[in-house]
file structure_36.cif (mmCIF, C-alpha atoms)
data_my_file
loop_
_atom_site.label_atom_id
_atom_site.label_comp_id
_atom_site.auth_asym_id
_atom_site.auth_seq_id
_atom_site.Cartn_x
_atom_site.Cartn_y
_atom_site.Cartn_z
CA GLN A 1 -14.76 -25.15 13.10
CA SER A 2 -12.98 -22.08 11.78
CA GLY A 3 -13.75 -18.60 12.96
CA ILE A 4 -12.37 -16.08 15.38
CA ASN A 5 -13.54 -14.03 18.38
CA PHE A 6 -12.76 -10.34 18.88
CA ALA A 7 -12.55 -8.62 22.28
CA THR A 8 -10.92 -5.32 21.25
CA ALA A 9 -9.49 -3.91 18.04
CA GLN A 10 -7.80 -0.62 17.24
CA ILE A 11 -6.09 1.16 14.35
CA VAL A 12 -3.41 3.82 14.94
CA LEU A 13 -1.13 5.97 12.80
CA PRO A 14 2.12 5.50 14.81
CA SER A 15 4.03 8.40 13.27
CA SER A 16 1.61 10.88 14.86
CA GLN A 17 0.03 8.55 17.46
CA ASN A 18 -3.38 9.42 16.02
CA LEU A 19 -5.99 6.88 17.04
CA LEU A 20 -8.16 6.27 13.99
CA ALA A 21 -10.57 3.74 15.49
CA ARG A 22 -11.00 1.68 18.66
CA PHE A 23 -13.66 -0.96 19.20
CA ALA A 24 -14.20 -2.42 22.68
CA PHE A 25 -17.30 -4.51 21.82
CA GLU A 26 -18.93 -3.47 25.08
CA GLU A 27 -22.45 -3.40 23.61
CA GLY A 28 -23.11 -7.08 24.28
CA SER A 29 -25.98 -7.16 21.77
CA GLY A 30 -27.26 -5.49 18.62
CA ASN A 31 -26.00 -4.98 15.08
CA THR A 32 -23.52 -2.14 15.55
CA VAL A 33 -20.26 -1.54 17.44
CA SER A 34 -19.30 1.97 18.49
CA ASP A 35 -15.91 3.57 17.91
CA SER A 36 -14.52 4.98 21.18
CA SER A 37 -11.83 7.00 19.37
CA GLY A 38 -14.34 9.78 18.78
CA ASN A 39 -13.96 9.52 15.00
CA GLY A 40 -17.36 7.95 14.39
CA ASN A 41 -16.19 4.80 12.60
CA THR A 42 -19.16 2.69 13.69
CA ILE A 43 -19.07 -0.99 12.73
CA THR A 44 -22.17 -2.50 11.12
CA LEU A 45 -22.36 -6.27 11.64
CA GLN A 46 -23.06 -8.49 8.63
CA ASN A 47 -24.74 -11.93 8.63
CA GLY A 48 -25.17 -12.17 12.38
CA PRO A 49 -21.89 -12.74 14.26
CA SER A 50 -22.64 -13.85 17.82
CA TRP A 51 -22.15 -11.83 20.99
CA VAL A 52 -20.17 -13.92 23.51
CA ALA A 53 -18.22 -13.46 26.75
CA GLY A 54 -15.25 -11.17 26.31
CA GLN A 55 -11.63 -11.20 27.39
CA THR A 56 -12.55 -8.32 29.72
CA GLY A 57 -15.63 -6.17 30.01
CA ASN A 58 -19.13 -6.90 28.81
CA GLY A 59 -18.68 -8.77 25.58
CA ALA A 60 -16.93 -9.92 22.43
CA LEU A 61 -17.96 -10.92 18.94
CA SER A 62 -17.62 -14.40 17.46
CA PHE A 63 -17.32 -14.67 13.65
CA ASN A 64 -17.94 -17.92 11.78
CA GLY A 65 -15.02 -17.55 9.35
CA VAL A 66 -17.35 -17.93 6.37
CA ASN A 67 -19.51 -14.88 5.71
CA GLN A 68 -19.68 -12.84 8.90
CA ALA A 69 -17.96 -9.46 9.11
CA GLY A 70 -17.99 -6.09 10.79
CA ASP A 71 -18.17 -3.38 8.12
CA ILE A 72 -16.42 -0.12 9.07
CA GLY A 73 -17.44 1.35 5.74
CA TYR A 74 -16.23 4.23 3.60
CA LYS A 75 -15.60 7.79 4.74
CA SER A 76 -15.76 11.03 2.81
CA SER A 77 -12.19 11.95 3.73
CA GLY A 78 -9.17 10.88 5.74
CA PHE A 79 -7.21 7.64 6.02
CA PHE A 80 -10.17 5.34 5.35
CA LYS A 81 -10.97 7.02 2.03
CA THR A 82 -7.93 8.85 0.69
CA GLN A 83 -6.48 7.20 -2.41
CA ALA A 84 -2.87 7.80 -1.45
CA ASP A 85 0.22 5.86 -0.49
CA HIS A 86 0.43 4.88 3.17
CA VAL A 87 3.25 3.53 5.31
CA ASP A 88 2.64 4.31 8.99
CA VAL A 89 -0.12 2.28 10.61
CA SER A 90 -0.62 -0.03 13.57
CA VAL A 91 -3.44 -2.57 13.83
CA ALA A 92 -4.00 -4.51 17.06
CA ALA A 93 -6.68 -6.85 18.39
CA TRP A 94 -7.45 -9.36 21.12
CA ILE A 95 -8.53 -12.51 19.28
CA LYS A 96 -9.52 -16.05 20.26
CA PRO A 97 -9.11 -18.47 17.31
CA ASN A 98 -11.23 -21.60 17.10
CA SER A 99 -8.83 -23.18 14.61
CA LEU A 100 -5.28 -22.77 13.33
CA THR A 101 -5.88 -24.53 10.01
CA ALA A 102 -8.07 -21.99 8.19
CA TRP A 103 -7.53 -18.55 6.67
CA GLN A 104 -8.93 -16.12 9.24
CA PRO A 105 -8.69 -12.39 8.45
CA VAL A 106 -8.68 -9.99 11.39
CA TYR A 107 -8.81 -6.69 9.48
CA GLN A 108 -8.62 -5.59 5.85
CA ILE A 109 -8.76 -2.27 4.05
CA GLY A 110 -8.70 -2.20 0.26
CA GLY A 111 -9.27 -4.83 -2.39
CA CYS A 112 -7.42 -6.96 -4.91
CA GLY A 113 -5.33 -4.18 -6.44
CA ASN A 114 -4.38 -2.26 -3.31
CA ARG A 115 -4.88 -3.37 0.29
CA MET A 116 -3.58 -3.95 3.79
CA VAL A 117 -4.62 -7.01 5.78
CA ILE A 118 -3.70 -8.79 9.01
CA GLY A 119 -4.95 -12.25 10.00
CA LEU A 120 -4.16 -15.92 10.56
CA THR A 121 -2.94 -18.21 7.80
CA ASN A 122 -4.03 -21.83 7.35
CA SER A 123 -0.74 -22.89 8.97
CA GLY A 124 -1.42 -20.90 12.14
CA SER A 125 0.91 -17.95 11.52
CA VAL A 126 -0.06 -14.33 11.98
CA ARG A 127 0.34 -12.60 8.61
CA PHE A 128 0.65 -8.88 7.84
CA ALA A 129 0.31 -8.22 4.11
CA VAL A 130 0.10 -5.18 1.87
CA ARG A 131 -0.51 -4.93 -1.85
CA LYS A 132 0.21 -2.05 -4.23
CA GLY A 133 0.14 -1.98 -7.99
CA GLY A 134 -0.07 -5.76 -8.37
CA VAL A 135 2.78 -6.57 -5.95
CA GLN A 136 1.98 -8.20 -2.62
CA ARG A 137 4.48 -8.14 0.26
CA PHE A 138 3.90 -10.02 3.47
CA VAL A 139 5.60 -11.19 6.63
CA ASP A 140 4.57 -14.21 8.73
CA SER A 141 5.14 -14.95 12.40
CA PRO A 142 6.08 -18.43 13.59
CA ALA A 143 2.99 -20.64 13.86
CA LEU A 144 0.91 -20.35 17.00
CA GLU A 145 0.84 -23.36 19.33
CA SER A 146 -2.14 -25.71 19.36
CA SER A 147 -2.53 -24.88 23.06
CA GLN A 148 -3.48 -21.33 22.00
CA ILE A 149 -6.66 -22.51 20.27
CA GLY A 150 -9.56 -21.17 22.30
CA GLN A 151 -7.30 -18.77 24.21
CA TRP A 152 -7.25 -14.99 24.03
CA ILE A 153 -4.18 -13.73 22.15
CA HIS A 154 -3.13 -10.15 21.51
CA VAL A 155 -1.87 -9.68 17.94
CA ALA A 156 -0.54 -6.50 16.35
CA GLY A 157 1.00 -5.43 13.08
CA VAL A 158 3.10 -2.27 13.08
CA ASN A 159 4.18 -0.80 9.76
CA SER A 160 6.46 2.24 9.57
CA SER A 161 9.35 3.67 7.59
CA SER A 162 11.75 1.67 9.79
CA GLY A 163 10.14 -1.67 8.98
CA THR A 164 7.23 -4.02 9.62
CA THR A 165 6.82 -6.01 12.85
CA ILE A 166 4.27 -8.54 14.07
CA TYR A 167 3.74 -8.71 17.83
CA ILE A 168 2.09 -11.59 19.68
CA ASN A 169 1.16 -10.95 23.31
CA GLY A 170 3.43 -7.91 23.30
CA VAL A 171 6.53 -9.74 22.03
CA ALA A 172 8.01 -9.14 18.57
CA ALA A 173 7.47 -12.39 16.65
CA ALA A 174 8.62 -11.40 13.14
CA SER A 175 10.12 -8.30 11.61
CA VAL A 176 11.47 -7.05 8.29
CA ALA A 177 13.28 -3.80 7.51
CA GLY A 178 12.21 -1.46 4.75
CA LEU A 179 9.01 0.05 3.44
CA PHE A 180 5.70 -1.80 3.13
CA THR A 181 3.75 0.80 1.16
CA TRP A 182 0.19 0.37 -0.06
CA ASN A 183 -2.58 2.49 -1.50
CA THR A 184 -6.01 2.55 0.14
CA GLY A 185 -9.38 3.95 -0.74
CA TRP A 186 -11.12 1.05 -2.47
CA ASN A 187 -13.50 -1.81 -1.99
CA TYR A 188 -13.39 -2.89 1.64
CA ASN A 189 -12.85 -1.78 5.24
CA ALA A 190 -13.83 -4.43 7.76
CA ILE A 191 -13.01 -6.90 10.50
CA GLY A 192 -13.81 -10.60 10.18
CA THR A 193 -14.32 -12.24 6.81
CA SER A 194 -16.65 -11.63 3.90
CA GLY A 195 -16.01 -12.57 0.30
CA ASN A 196 -12.59 -11.38 -0.79
CA THR A 197 -11.18 -10.89 2.73
CA GLU A 198 -10.42 -14.59 3.16
CA SER A 199 -8.58 -14.77 -0.14
CA ALA A 200 -6.83 -11.48 0.62
CA LEU A 201 -4.44 -13.29 2.95
CA GLN A 202 -3.43 -15.67 0.16
CA PRO A 203 -0.86 -14.26 -2.29
CA ALA A 204 -2.23 -16.36 -5.16
CA SER A 205 -5.69 -14.80 -4.83
CA CYS A 206 -4.79 -11.93 -7.18
CA SER A 207 -2.44 -11.88 -10.13
CA GLY A 208 0.94 -10.19 -9.78
CA ALA A 209 4.28 -10.56 -8.04
CA VAL A 210 4.72 -11.74 -4.45
CA GLU A 211 7.51 -10.88 -2.02
CA TYR A 212 7.61 -12.98 1.17
CA PHE A 213 9.56 -12.29 4.35
CA ASN A 214 9.79 -14.22 7.63
#

call {"tool": "encode", "arguments": {"input": "structure_36.cif", "output": "structure tokens"}}
result
Amino acid sequence: QSGINFATAQIVLPSSQNLLARFAFEEGSGNTVSDSSGNGNTITLQNGPSWVAGQTGNGALSFNGVNQAGDIGYKSSGFFKTQADHVDVSVAAWIKPNSLTAWQPVYQIGGCGNRMVIGLTNSGSVRFAVRKGGVQRFVDSPALESSQIGQWIHVAGVNSSSGTTIYINGVAAASVAGLFTWNTGWNYNAIGTSGNTESALQPASCSGAVEYFN
């Protein structure tokens, strides 16, 4: 069984330390998840992900890895809507994978032409990928251990002008120097998987050049 559980997730602009969104999944039931950052980025659940016991607190969400997602949606202005180049961003989440052999997106913004995505590959690595103008760049961590299946793991991708780093349980697992720039403002803004989010982790899912770092 593929799929992934979420206990918390947050998105930050590290250059200014502005918290864009934070989801604690404390509701325990219902079809929405509130944003405790104060920015009003409420998640609307799609296709019935299950409420389950959390890593801490009252709850977590379990996604089936097929068609269940949490839609953050489009905004009239700001980071989640502006069609502009971006560099500085940090995405972090407590996750509990049910498998390490399936593509499992954690978060994606954007679509085939321009996007940023973090998730698990079908070889069990954590991948941070960006795409701009038909070129996809990504960095992979070493594969997670089989003993980590069914365990809560903290994963984070930090992208800044000094480079891109993946952290697993607070330890840097992979890093590359230089700019990972992408352009947002289109198509998708969600956690979990729905339609093109699964293929978004795969460089062959859209035409264009690929640059891989590990």

call {"tool": "closest_residue", "arguments": {"input": "structure_36.cif", "among": "A:Gly157, A:Gly40, A:Gly170, A:Gly150", "to": "Ala129 (chain A)", "atoms": "only C-alpha atoms"}}
result
A:Gly157

call {"tool": "atom_distance", "arguments": {"input": "structure_36.cif", "atom1": "CA of Pro142 (chain A)", "atom2": "CA of Ile166 (chain A)"}}
result
10.1 Å

call {"tool": "resolve_selection", "arguments": {"input": "structure_36.cif", "expression": "the PyMOL selection byres ((chain A and resi 123-126) around 7)", "output": "MDAnalysis selection string"}}
result
chainID A and resid 100:101 119:122 127:128 140:144

call {"tool": "resolve_selection", "arguments": {"input": "structure_36.cif", "expression": "the PyMOL selection byres ((chain A and resi 155) around 10)", "output": "ChimeraX atom specification"}}
result
/A:9,91-95,106,118-120,126,152-154,156-157,166-173

call {"tool": "closest_residue", "arguments": {"input": "structure_36.cif", "among": "A:Thr8, A:Ser99, A:Ser37, A:Asn47", "to": "Gly59 (chain A)", "atoms": "all atoms listed in the file"}}
result
A:Thr8

call {"tool": "resolve_selection", "arguments": {"input": "structure_36.cif", "expression": "the PyMOL selection byres ((chain A and resi 32) around 12)", "output": "NGL selection string"}}
result
:A and (23-31 or 33-35 or 40-46 or 48-51 or 61 or 69-72)

call {"tool": "residues_around", "arguments": {"input": "structure_36.cif", "residues": "Ser90 (chain A)", "least_positions_apart": "4", "cutoff": "6 Å", "atoms": "all atoms listed in the file", "output": "CSV table (one decimal) with C-alpha atoms, in the coordinates of the input"}}
result
chain,number,residue,atom,x,y,z
A,11,ILE,CA,-6.1,1.2,14.4
A,12,VAL,CA,-3.4,3.8,14.9
A,157,GLY,CA,1.0,-5.4,13.1
A,158,VAL,CA,3.1,-2.3,13.1

call {"tool": "atom_distance", "arguments": {"input": "structure_36.cif", "atom1": "CA of Gly192 (chain A)", "atom2": "CA of Gly133 (chain A)"}}
result
24.5 Å

call {"tool": "atom_distance", "arguments": {"input": "structure_36.cif", "atom1": "CA of Gly54 (chain A)", "atom2": "CA of Gly110 (chain A)"}}
result
28.3 Å

call {"tool": "axis_aligned_box", "arguments": {"input": "structure_36.cif", "around": "region 141-156 of chain A", "padding_each_side": "3 Å", "output": "lines of an AutoDock Vina configuration file"}}
result
center_x = -1.7
center_y = -16.1
center_z = 18.3
size_x = 21.6
size_y = 25.2
size_z = 17.8

call {"tool": "closest_residue", "arguments": {"input": "structure_36.cif", "among": "A:Gln136, A:Thr165, A:Gln68, A:Asn189", "to": "Ile109 (chain A)", "atoms": "only C-alpha atoms"}}
result
A:Asn189

call {"tool": "closest_residue", "arguments": {"input": "structure_36.cif", "among": "A:Ser175, A:Asn39, A:Gln104, A:Asn98", "to": "Ile149 (chain A)", "atoms": "only C-alpha atoms"}}
result
A:Asn98
